[in-house]
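Engineer: What follows is target20.tsv, TSV, C-alpha atoms and all ligand atoms.
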```
chain	number	residue	atom	x	y	z
A	28	MET	CA	69.16	49.20	-168.65
A	29	LYS	CA	72.55	49.66	-170.31
A	30	PHE	CA	72.49	49.51	-174.13
A	31	GLY	CA	74.80	46.50	-174.13
A	32	THR	CA	72.51	44.50	-171.83
A	33	LEU	CA	69.46	45.46	-173.89
A	34	ALA	CA	71.16	44.33	-177.12
A	35	ALA	CA	72.15	41.05	-175.47
A	36	CYS	CA	68.57	40.46	-174.30
A	37	LEU	CA	67.14	41.28	-177.72
A	38	SER	CA	69.52	38.94	-179.54
A	39	LEU	CA	68.68	36.19	-177.01
A	40	ALA	CA	64.96	36.76	-177.58
A	41	LEU	CA	65.39	36.77	-181.35
A	42	GLY	CA	67.58	33.68	-181.20
A	43	ALA	CA	64.99	31.90	-179.08
A	44	SER	CA	62.14	32.80	-181.41
A	45	ALA	CA	64.13	31.60	-184.43
A	46	SER	CA	64.78	28.23	-182.80
A	47	PHE	CA	61.09	27.92	-181.79
A	48	ALA	CA	59.92	28.74	-185.35
A	49	GLN	CA	56.15	28.61	-185.69
A	50	THR	CA	54.90	25.10	-186.68
A	51	THR	CA	51.86	25.04	-188.92
A	52	THR	CA	49.83	21.83	-188.97
A	53	LEU	CA	48.11	21.15	-192.31
A	54	LYS	CA	44.87	19.14	-192.47
A	55	ILE	CA	44.95	16.67	-195.39
A	56	GLY	CA	41.99	14.41	-196.24
A	57	TYR	CA	41.30	11.49	-198.60
A	58	ALA	CA	38.70	8.81	-199.23
A	59	THR	CA	40.41	5.55	-198.35
A	60	THR	CA	42.58	4.02	-195.62
A	61	LYS	CA	46.03	5.23	-194.51
A	62	GLU	CA	47.46	1.98	-195.93
A	63	SER	CA	45.83	2.59	-199.34
A	64	HIS	CA	47.37	4.27	-202.39
A	65	TYR	CA	45.99	7.64	-201.21
A	66	GLY	CA	47.47	7.10	-197.75
A	67	VAL	CA	50.87	6.15	-199.20
A	68	GLY	CA	50.93	9.22	-201.45
A	69	SER	CA	49.71	11.54	-198.69
A	70	THR	CA	52.26	10.22	-196.19
A	71	VAL	CA	55.14	10.77	-198.63
A	72	PHE	CA	53.87	14.30	-199.29
A	73	CYS	CA	53.65	15.08	-195.57
A	74	ASP	CA	57.06	13.60	-194.75
A	75	GLU	CA	58.73	15.52	-197.59
A	76	VAL	CA	57.11	18.82	-196.59
A	77	GLU	CA	58.09	18.40	-192.93
A	78	LYS	CA	61.66	17.57	-193.95
A	79	GLY	CA	61.92	20.31	-196.56
A	80	THR	CA	60.60	23.04	-194.22
A	81	GLN	CA	62.66	21.88	-191.22
A	82	GLY	CA	59.45	21.06	-189.35
A	83	ARG	CA	57.80	24.44	-189.93
A	84	TYR	CA	54.98	22.59	-191.75
A	85	LYS	CA	53.55	19.28	-190.54
A	86	CYS	CA	50.42	17.36	-191.54
A	87	GLN	CA	47.49	15.86	-189.72
A	88	GLN	CA	46.00	13.14	-191.93
A	89	PHE	CA	42.25	12.41	-192.17
A	90	PRO	CA	41.84	9.10	-194.09
A	91	ASN	CA	38.58	7.16	-194.64
A	92	SER	CA	36.55	10.21	-195.78
A	93	ALA	CA	36.74	11.56	-192.19
A	94	LEU	CA	36.36	15.08	-193.59
A	95	GLY	CA	33.50	14.08	-195.94
A	96	GLY	CA	33.16	13.08	-199.59
A	97	GLU	CA	35.65	14.28	-202.19
A	98	ARG	CA	33.37	17.05	-203.46
A	99	GLU	CA	32.88	18.32	-199.88
A	100	GLN	CA	36.64	18.27	-199.26
A	101	ILE	CA	37.41	20.12	-202.49
A	102	GLU	CA	34.89	22.80	-201.47
A	103	ALA	CA	36.56	23.04	-198.03
A	104	VAL	CA	39.99	23.47	-199.64
A	105	GLN	CA	38.56	26.21	-201.88
A	106	LEU	CA	37.04	27.90	-198.78
A	107	GLY	CA	40.23	27.46	-196.78
A	108	THR	CA	38.63	25.43	-193.97
A	109	GLN	CA	40.70	22.40	-195.09
A	110	ASP	CA	44.31	22.73	-196.23
A	111	LEU	CA	44.75	19.78	-198.61
A	112	VAL	CA	42.85	16.97	-200.29
A	113	ASN	CA	44.23	14.00	-202.22
A	114	THR	CA	41.24	13.32	-204.49
A	115	SER	CA	40.20	11.53	-207.65
A	116	THR	CA	39.15	13.82	-210.50
A	117	GLY	CA	35.60	12.46	-210.08
A	118	PRO	CA	33.93	15.60	-208.71
A	119	VAL	CA	36.74	18.01	-209.71
A	120	GLY	CA	35.15	18.85	-213.07
A	121	ASN	CA	32.40	20.65	-211.14
A	122	PHE	CA	35.05	23.15	-209.98
A	123	VAL	CA	37.49	23.17	-212.93
A	124	PRO	CA	35.64	22.11	-216.11
A	125	GLU	CA	38.88	21.67	-218.07
A	126	VAL	CA	39.59	18.52	-216.00
A	127	LYS	CA	36.57	16.66	-217.36
A	128	ILE	CA	38.26	15.63	-220.63
A	129	VAL	CA	40.50	13.15	-218.76
A	130	ASP	CA	37.43	11.36	-217.39
A	131	ILE	CA	36.30	10.14	-220.83
A	132	PRO	CA	35.86	6.33	-220.85
A	133	PHE	CA	38.36	4.28	-222.89
A	134	LEU	CA	40.44	7.42	-223.62
A	135	PHE	CA	43.69	6.00	-222.19
A	136	ARG	CA	45.29	2.82	-223.53
A	137	ASP	CA	47.14	1.84	-220.34
A	138	TYR	CA	48.99	3.26	-217.31
A	139	ASP	CA	52.03	4.24	-219.35
A	140	HIS	CA	49.88	6.28	-221.74
A	141	ALA	CA	47.89	7.92	-218.93
A	142	ARG	CA	50.96	8.86	-216.89
A	143	LYS	CA	52.70	10.30	-219.97
A	144	VAL	CA	49.66	12.52	-220.67
A	145	MET	CA	49.33	13.73	-217.05
A	146	ASP	CA	53.07	14.45	-216.72
A	147	GLY	CA	53.30	16.05	-220.17
A	148	PRO	CA	52.08	19.42	-221.51
A	149	ILE	CA	48.39	18.38	-221.61
A	150	GLY	CA	48.28	17.36	-217.96
A	151	GLN	CA	50.41	20.27	-216.81
A	152	ASP	CA	48.22	22.75	-218.72
A	153	ILE	CA	45.20	21.41	-216.84
A	154	LEU	CA	46.93	22.02	-213.48
A	155	ALA	CA	47.45	25.66	-214.53
A	156	LYS	CA	43.65	26.11	-214.78
A	157	PHE	CA	43.11	25.67	-211.02
A	158	PRO	CA	44.38	28.94	-209.44
A	159	SER	CA	41.75	31.06	-211.22
A	160	LYS	CA	39.14	28.78	-209.60
A	161	GLY	CA	40.57	29.35	-206.11
A	162	ILE	CA	42.44	26.05	-205.81
A	163	ILE	CA	46.17	25.25	-206.08
A	164	ALA	CA	46.83	21.94	-207.89
A	165	LEU	CA	50.24	20.80	-206.62
A	166	GLY	CA	50.42	17.77	-208.89
A	167	TRP	CA	48.85	14.60	-210.24
A	168	THR	CA	48.67	11.55	-208.03
A	169	GLU	CA	46.64	8.49	-209.18
A	170	ASN	CA	43.52	6.47	-208.47
A	171	GLY	CA	43.80	3.89	-211.27
A	172	PHE	CA	41.84	2.14	-214.01
A	173	ARG	CA	38.27	1.58	-212.91
A	174	HIS	CA	36.56	-1.85	-213.05
A	175	MET	CA	32.94	-2.83	-212.46
A	176	THR	CA	31.70	-4.82	-209.47
A	177	ASN	CA	28.11	-5.93	-208.81
A	178	SER	CA	26.08	-8.35	-206.75
A	179	LYS	CA	24.11	-9.95	-209.61
A	180	ARG	CA	26.14	-11.35	-212.51
A	181	ASP	CA	29.35	-11.57	-214.50
A	182	ILE	CA	29.84	-8.70	-216.94
A	183	VAL	CA	31.60	-9.58	-220.21
A	184	LYS	CA	29.84	-7.25	-222.66
A	185	PRO	CA	27.60	-4.15	-222.31
A	186	SER	CA	24.35	-6.16	-222.48
A	187	ASP	CA	25.46	-7.96	-219.29
A	188	ALA	CA	25.68	-4.58	-217.53
A	189	ALA	CA	22.37	-3.34	-218.94
A	190	GLY	CA	19.70	-2.73	-216.30
A	191	LEU	CA	22.13	-2.75	-213.38
A	192	LYS	CA	21.74	0.16	-210.94
A	193	MET	CA	25.36	1.23	-210.62
A	194	ARG	CA	26.70	3.89	-208.26
A	195	THR	CA	28.84	6.39	-210.10
A	196	MET	CA	30.90	9.37	-209.02
A	197	GLU	CA	29.25	12.79	-209.33
A	198	ASN	CA	30.64	13.03	-212.84
A	199	LYS	CA	28.52	13.71	-215.94
A	200	VAL	CA	31.21	12.48	-218.35
A	201	HIS	CA	31.15	9.07	-216.64
A	202	MET	CA	27.35	8.96	-216.41
A	203	ASP	CA	26.82	9.83	-220.10
A	204	GLY	CA	29.25	7.06	-221.05
A	205	TYR	CA	27.82	4.42	-218.72
A	206	ARG	CA	24.28	5.05	-219.99
A	207	THR	CA	25.39	3.81	-223.43
A	208	PHE	CA	26.17	0.44	-221.72
A	209	GLY	CA	22.54	0.32	-220.55
A	210	ILE	CA	23.60	0.97	-216.95
A	211	LEU	CA	21.31	3.01	-214.67
A	212	PRO	CA	23.87	5.47	-213.22
A	213	THR	CA	23.29	6.59	-209.61
A	214	PRO	CA	25.67	9.39	-208.55
A	215	MET	CA	26.63	9.11	-204.89
A	216	ALA	CA	29.38	10.41	-202.60
A	217	PHE	CA	31.95	7.74	-201.76
A	218	PRO	CA	31.31	7.63	-197.97
A	219	GLU	CA	27.74	6.39	-198.64
A	220	LEU	CA	28.81	3.65	-201.07
A	221	PHE	CA	29.63	0.69	-198.80
A	222	GLY	CA	26.28	1.01	-197.00
A	223	ALA	CA	24.38	1.35	-200.28
A	224	LEU	CA	26.01	-1.84	-201.59
A	225	GLN	CA	25.31	-3.63	-198.31
A	226	GLN	CA	21.62	-2.68	-198.36
A	227	GLY	CA	21.28	-3.34	-202.09
A	228	THR	CA	20.25	0.26	-202.78
A	229	VAL	CA	22.55	-0.09	-205.77
A	230	ASP	CA	23.54	-3.33	-207.55
A	231	GLY	CA	27.12	-2.33	-208.15
A	232	GLN	CA	29.79	0.29	-208.54
A	233	GLU	CA	33.02	0.89	-210.42
A	234	ASN	CA	36.41	1.71	-208.92
A	235	PRO	CA	40.11	0.87	-209.31
A	236	ILE	CA	41.49	-2.28	-207.67
A	237	PRO	CA	43.24	-0.23	-204.93
A	238	VAL	CA	39.87	1.25	-203.87
A	239	ILE	CA	37.96	-2.06	-204.14
A	240	LEU	CA	40.70	-3.66	-202.00
A	241	SER	CA	41.13	-1.00	-199.30
A	242	SER	CA	37.35	-0.44	-199.01
A	243	LYS	CA	36.74	-4.21	-198.59
A	244	PHE	CA	34.04	-4.25	-201.28
A	245	ALA	CA	34.49	-8.05	-201.52
A	246	GLN	CA	32.33	-8.16	-198.36
A	247	VAL	CA	29.36	-6.72	-200.26
A	248	GLN	CA	30.06	-7.51	-203.92
A	249	ASN	CA	30.64	-10.93	-205.44
A	250	HIS	CA	31.28	-10.18	-209.13
A	251	LEU	CA	34.34	-8.25	-210.38
A	252	SER	CA	34.72	-7.60	-214.12
A	253	LEU	CA	38.03	-6.19	-215.30
A	254	THR	CA	36.44	-3.67	-217.65
A	255	GLY	CA	39.12	-0.97	-217.16
A	256	HIS	CA	36.59	1.36	-218.73
A	257	VAL	CA	37.99	4.62	-217.29
A	258	TYR	CA	41.41	5.82	-216.12
A	259	SER	CA	40.83	7.74	-212.88
A	260	PRO	CA	43.53	10.36	-212.29
A	261	ALA	CA	43.92	11.93	-208.85
A	262	LEU	CA	45.20	15.29	-207.63
A	263	LEU	CA	46.86	16.87	-204.62
A	264	LEU	CA	44.93	20.12	-204.10
A	265	LEU	CA	46.01	22.89	-201.69
A	266	SER	CA	44.15	25.86	-200.31
A	267	PRO	CA	45.37	29.23	-201.66
A	268	LYS	CA	45.22	30.43	-198.03
A	269	VAL	CA	48.25	28.21	-197.32
A	270	TRP	CA	49.95	28.73	-200.68
A	271	ASN	CA	49.87	32.53	-200.51
A	272	LYS	CA	51.73	32.50	-197.18
A	273	LEU	CA	54.58	30.31	-198.48
A	274	SER	CA	58.00	31.68	-199.35
A	275	ASP	CA	59.25	30.87	-202.86
A	276	ALA	CA	61.57	28.29	-201.30
A	277	ASP	CA	58.69	26.60	-199.45
A	278	LYS	CA	56.54	26.64	-202.59
A	279	LYS	CA	59.29	24.67	-204.30
A	280	VAL	CA	59.33	22.23	-201.37
A	281	PHE	CA	55.55	21.69	-201.64
A	282	LEU	CA	55.70	21.14	-205.41
A	283	GLU	CA	58.60	18.69	-205.17
A	284	ALA	CA	56.83	16.87	-202.33
A	285	ALA	CA	53.75	16.50	-204.56
A	286	GLN	CA	55.86	14.99	-207.34
A	287	LYS	CA	57.31	12.42	-204.92
A	288	ALA	CA	53.81	11.73	-203.58
A	289	GLY	CA	52.53	11.06	-207.10
A	290	ALA	CA	55.38	8.65	-207.80
A	291	ALA	CA	54.80	6.78	-204.54
A	292	GLN	CA	51.04	6.60	-205.12
A	293	ARG	CA	51.55	5.23	-208.64
A	294	LYS	CA	53.95	2.62	-207.27
A	295	LYS	CA	51.31	1.49	-204.76
A	296	VAL	CA	48.73	1.33	-207.57
A	297	ASN	CA	51.13	-0.90	-209.54
A	298	GLU	CA	51.51	-3.18	-206.51
A	299	ASP	CA	47.75	-3.40	-205.93
A	300	GLU	CA	47.15	-4.09	-209.64
A	301	ALA	CA	49.70	-6.91	-209.47
A	302	ASN	CA	48.52	-8.55	-206.24
A	303	GLY	CA	45.01	-7.22	-205.60
A	304	ILE	CA	42.95	-9.36	-207.97
A	305	ALA	CA	44.17	-12.61	-206.40
A	306	GLN	CA	43.42	-11.13	-202.95
A	307	LEU	CA	39.88	-10.22	-204.06
A	308	GLU	CA	39.36	-13.73	-205.48
A	309	LYS	CA	40.56	-15.17	-202.17
A	310	ALA	CA	38.05	-12.91	-200.43
A	311	GLY	CA	35.30	-14.55	-202.48
A	312	MET	CA	34.86	-12.36	-205.55
A	313	LYS	CA	34.22	-14.10	-208.91
A	314	VAL	CA	36.57	-12.33	-211.33
A	315	THR	CA	35.78	-12.00	-215.05
A	316	ARG	CA	39.16	-11.35	-216.66
A	317	LYS	CA	38.10	-11.59	-220.33
A	318	VAL	CA	35.87	-8.61	-221.00
A	319	ASP	CA	34.76	-7.66	-224.54
A	320	GLY	CA	36.41	-4.22	-224.61
A	321	ASP	CA	35.55	-3.71	-228.31
A	322	ALA	CA	31.86	-4.15	-227.57
A	323	PHE	CA	32.08	-1.52	-224.81
A	324	ARG	CA	33.94	0.88	-227.12
A	325	GLU	CA	31.34	0.27	-229.86
A	326	ALA	CA	28.48	0.96	-227.45
A	327	LEU	CA	30.21	4.15	-226.30
A	328	LYS	CA	30.25	5.77	-229.78
A	329	PRO	CA	27.08	7.91	-229.28
A	330	ALA	CA	28.61	9.38	-226.10
A	331	TYR	CA	31.78	10.21	-228.02
A	332	VAL	CA	29.69	12.46	-230.29
A	333	GLY	CA	28.80	14.47	-227.20
A	334	TYR	CA	32.38	14.40	-225.88
A	335	ALA	CA	33.70	15.72	-229.22
A	336	LYS	CA	31.16	18.56	-229.08
A	337	GLU	CA	32.06	19.43	-225.47
A	338	PHE	CA	35.85	19.07	-225.55
A	339	GLY	CA	36.74	19.26	-229.28
A	340	ALA	CA	37.57	16.16	-231.30
A	341	ASP	CA	41.07	17.55	-231.86
A	342	ASN	CA	41.71	17.82	-228.10
A	343	ILE	CA	40.56	14.24	-227.56
A	344	LYS	CA	42.78	13.10	-230.45
A	345	LYS	CA	45.76	15.00	-228.94
A	346	ILE	CA	45.39	12.83	-225.82
A	347	SER	CA	44.86	9.53	-227.61
A	348	ASP	CA	47.82	10.28	-229.95
A	349	VAL	CA	50.31	10.62	-227.05
A	350	LYS	CA	52.72	7.71	-227.45
A	401	LIG	O1	38.97	8.52	-204.96
A	401	LIG	O2	34.35	8.11	-205.41
A	401	LIG	C1	35.06	7.25	-205.96
A	401	LIG	O3	34.61	6.23	-206.51
A	401	LIG	C2	36.57	7.46	-205.92
A	401	LIG	O4	37.18	6.57	-206.81
A	401	LIG	C3	37.07	7.18	-204.52
A	401	LIG	O5	36.50	8.14	-203.69
A	401	LIG	C4	38.59	7.31	-204.44
```
Would it be possible to restate this file's structure as structure tokens?
Ligand code: EAX
Structural biologist:
Amino acid sequence: MKFGTLAACLSLALGASASFAQTTTLKIGYATTKESHYGVGSTVFCDEVEKGTQGRYKCQQFPNSALGGEREQIEAVQLGTQDLVNTSTGPVGNFVPEVKIVDIPFLFRDYDHARKVMDGPIGQDILAKFPSKGIIALGWTENGFRHMTNSKRDIVKPSDAAGLKMRTMENKVHMDGYRTFGILPTPMAFPELFGALQQGTVDGQENPIPVILSSKFAQVQNHLSLTGHVYSPALLLLSPKVWNKLSDADKKVFLEAAQKAGAAQRKKVNEDEANGIAQLEKAGMKVTRKVDGDAFREALKPAYVGYAKEFGADNIKKISDVK
């Protein structure tokens, strides 16, 4: 074959391969529905990555805990058998202990305070702790302020919650705090929760309005108390197996996509907070709006002694002092 013909064939072949660039499909999982705050955030992330990589990276979404509970999915991301998870910090402290400080009850005043901490040096420093544990934290998304639901009674003060068997996340910081309210904490993976509430294996649970809404807990719980006892951050976690193959330009695309996902997820949380309580009331839940927050904070004091020992009183103060 003449040199000229060979060169022409080669350039054709190269041109063809460039236009049929390899498409990688990323598996992303989360606990709730595609229409929920996690679904909104995950969809924005996926759309931005596909756009920013000219289609070289696409997502396949697995909502509704299709890939298992959050702990299971985090393990799969660490192992590389799952590419991404959009997860609450609930079980994350078992992988990256530095995360646990943000799970302390009544640590955050409101959404503005929480978002400022996560987006500021404290929150960003926590993200930097993940790579050494075999996980890439692309950014903070959001689950929301957690409220208590149960099938037995209104909860206004801790003594109303005392004796209730409440499902909790697999999170020692939460469980130590809830015990001071007299609650009997029962750690359980999220996929088992609806059934446990339906069968009465547990009396109640605690979750943000967006989760209570999208998981239709009004079907199995008739009391909602707006305790707001914990701010539940969430994270977009990526497998290092994917990250290490990315060009610097694609890494930037992934990080920017995570920022946009976090903003979209927070916006959906705002919307659910604004409209969700009325929807839950309409669905039959009796809502206690006036909760004695001071009584809960007072009850929590013994747990704070343990938190100060574990995380350092100064580090806790650094978070509460963020204005
Ligand atoms: O992240 O397990 C929980 O209660 C979480 O809030 C839920 O899976 C959403």
Engineer: Using only C-alpha atoms, which residue out of A:Lys295, A:Lys127, A:Lys268, A:Lys287 lies closest to Ile343 in chain A?
Structural biologist: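 Checking each candidate against Ile343 in chain A, we get A:Lys127 as the closest.
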Engineer: Looking at A:Met193, A:Val247, A:Val126, A:Val104, which one is nearest to ligand LIG 401 (chain A), with distances taken over all atoms listed in the file?
Structural biologist: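 Closest to ligand LIG 401 (chain A) of all the choices is A:Met193.
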Engineer: I need the residue nearest ligand LIG 401 (chain A) from this list: A:Ala326, A:Val280, A:Leu253, A:Leu220. Use all atoms listed in the file for the distance.
Structural biologist: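 Counting all atoms listed in the file, the residue closest to ligand LIG 401 (chain A) is A:Leu220.
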Engineer: Within 9 Å of ligand LIG 401 (chain A), counting all atoms listed in the file: which residues, as a compact mmCIF listing (two decimals) with C-alpha atoms, keeping the file's coordinate frame?
Structural biologist:
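In the end it all went to out-v4.txt:
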```txt
# COMPACT_ATOMS: atom_id res chain seq x y z
CA TYR A 57 41.30 11.49 -198.60
CA ALA A 58 38.70 8.81 -199.23
CA THR A 59 40.41 5.55 -198.35
CA TYR A 65 45.99 7.64 -201.21
CA SER A 92 36.55 10.21 -195.78
CA GLY A 96 33.16 13.08 -199.59
CA GLU A 97 35.65 14.28 -202.19
CA ASN A 113 44.23 14.00 -202.22
CA THR A 114 41.24 13.32 -204.49
CA SER A 115 40.20 11.53 -207.65
CA THR A 116 39.15 13.82 -210.50
CA GLY A 117 35.60 12.46 -210.08
CA PRO A 118 33.93 15.60 -208.71
CA GLU A 169 46.64 8.49 -209.18
CA ASN A 170 43.52 6.47 -208.47
CA GLY A 171 43.80 3.89 -211.27
CA ARG A 173 38.27 1.58 -212.91
CA ARG A 194 26.70 3.89 -208.26
CA THR A 195 28.84 6.39 -210.10
CA MET A 196 30.90 9.37 -209.02
CA GLU A 197 29.25 12.79 -209.33
CA MET A 215 26.63 9.11 -204.89
CA ALA A 216 29.38 10.41 -202.60
CA PHE A 217 31.95 7.74 -201.76
CA PRO A 218 31.31 7.63 -197.97
CA LEU A 220 28.81 3.65 -201.07
CA GLN A 232 29.79 0.29 -208.54
CA GLU A 233 33.02 0.89 -210.42
CA ASN A 234 36.41 1.71 -208.92
CA PRO A 235 40.11 0.87 -209.31
CA PRO A 237 43.24 -0.23 -204.93
CA VAL A 238 39.87 1.25 -203.87
CA SER A 259 40.83 7.74 -212.88
CA PRO A 260 43.53 10.36 -212.29
CA ALA A 261 43.92 11.93 -208.85
```
Engineer: Need to verify the contact set: Ile101 in chain A, 8 Å, all atoms listed in the file, exclusion of same-chain residues closer than 3 positions in sequence. Can you return it as a ChimeraX atom specification?
Structural biologist: /A:97-98,104-105,112,119,264
Engineer: Would you compute the distance between CA of Gly320 in chain A and CA of Leu191 in chain A? Give it in Å to one decimal.
Structural biologist: 18.2 Å
Engineer: Quick one: pull the distance between CA of Phe281 in chain A and CA of Gln87 in chain A, Å, one decimal.
Structural biologist: 15.5 Å
Engineer: Could you tell me which of A:Ser241, A:Gln88, A:Gln100, A:Thr228 comes closest to Val296 in chain A if we count all atoms listed in the file?
Structural biologist: A:Ser241
Engineer: Would you pick out the contacts of Thr207 in chain A at 9 Å or less, using only C-alpha atoms, so that residues sharing its chain but fewer than 3 positions from it are not included, and give the list as a PyMOL selection string?
Structural biologist: chain A and resi 185+189+202-204+210+323+326-330
Engineer: Grab the CA of Pro158 in chain A to CA of Glu102 in chain A distance for me, in Å with one decimal place.
Structural biologist: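 Distance between the two atoms: 13.8 Å.
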Engineer: Mind listing as a list in words all residues within 7 Å of (34.8, -14.6, -208.1), counting only C-alpha atoms?
Structural biologist: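 Within 7 Å of (34.8, -14.6, -208.1), the protein and nucleic acid residues are Asn249, His250, Leu251, Glu308, Gly311, Met312, Lys313 and Val314 of chain A.
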Engineer: Please produce, as CSV, a per-residue contact table for range 172-235 of chain A versus range 129-150 of chain A (criterion: any atom at most 8 Å away, all atoms listed in the file considered), showing the nearest atom pair and its distance in Å to one decimal, sorted by chain then residue number.
Structural biologist:
```
residue,atom,partner,partner_atom,distance
A:Phe172,CA,A:Tyr138,CA,8.0
A:Val200,CA,A:Ile131,CA,6.1
A:His201,CA,A:Ile131,CA,6.7
A:Gly204,CA,A:Pro132,CA,6.7
```
Engineer: Give the answer as one residue: which of A:Asn198, A:Asp299, A:Gly222, A:His174 has the shortest atom-to-atom distance to Ser252 in chain A, using only C-alpha atoms?
Structural biologist: A:His174
Engineer: Which is closest to Gly56 in chain A among A:Ala335, A:Cys86, A:Val183, A:Leu282, if we use all atoms listed in the file?
Structural biologist: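 Nearest candidate to Gly56 in chain A out of A:Ala335, A:Cys86, A:Val183, A:Leu282: A:Cys86.
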Engineer: With 4 Å added on each side, what axis-aligned box encloses every listed atom of range 77-89 of chain A? Give the centre and edge lengths in Å to one decimal, as lines of an AutoDock Vina configuration file.
Structural biologist:
```
center_x = 52.5
center_y = 18.4
center_z = -193.0
size_x = 28.4
size_y = 20.0
size_z = 15.2
```
Engineer: Would you list the contacts of Gln49 in chain A as a ChimeraX atom specification, taking every protein, DNA or RNA residue within 12 Å and counting only C-alpha atoms, but skipping same-chain residues closer than 6 positions in sequence?
Structural biologist: /A:43,80-85
Engineer: Skip Leu240 in chain A itself and residues of its chain fewer than 3 positions away, then list as a list in words all residues within 7 Å of it, counting all atoms listed in the file.
Structural biologist: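 So, after excluding close chain neighbours, the residues are Ile236, Pro237, Lys243, Phe244, Gly303 and Leu307 of chain A.
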Engineer: Quick one: residues within 8 Å of Leu224 in chain A, all atoms listed in the file, excluding same-chain residues fewer than 5 positions away - as a ChimeraX atom specification?
Structural biologist: /A:229-231,247-248
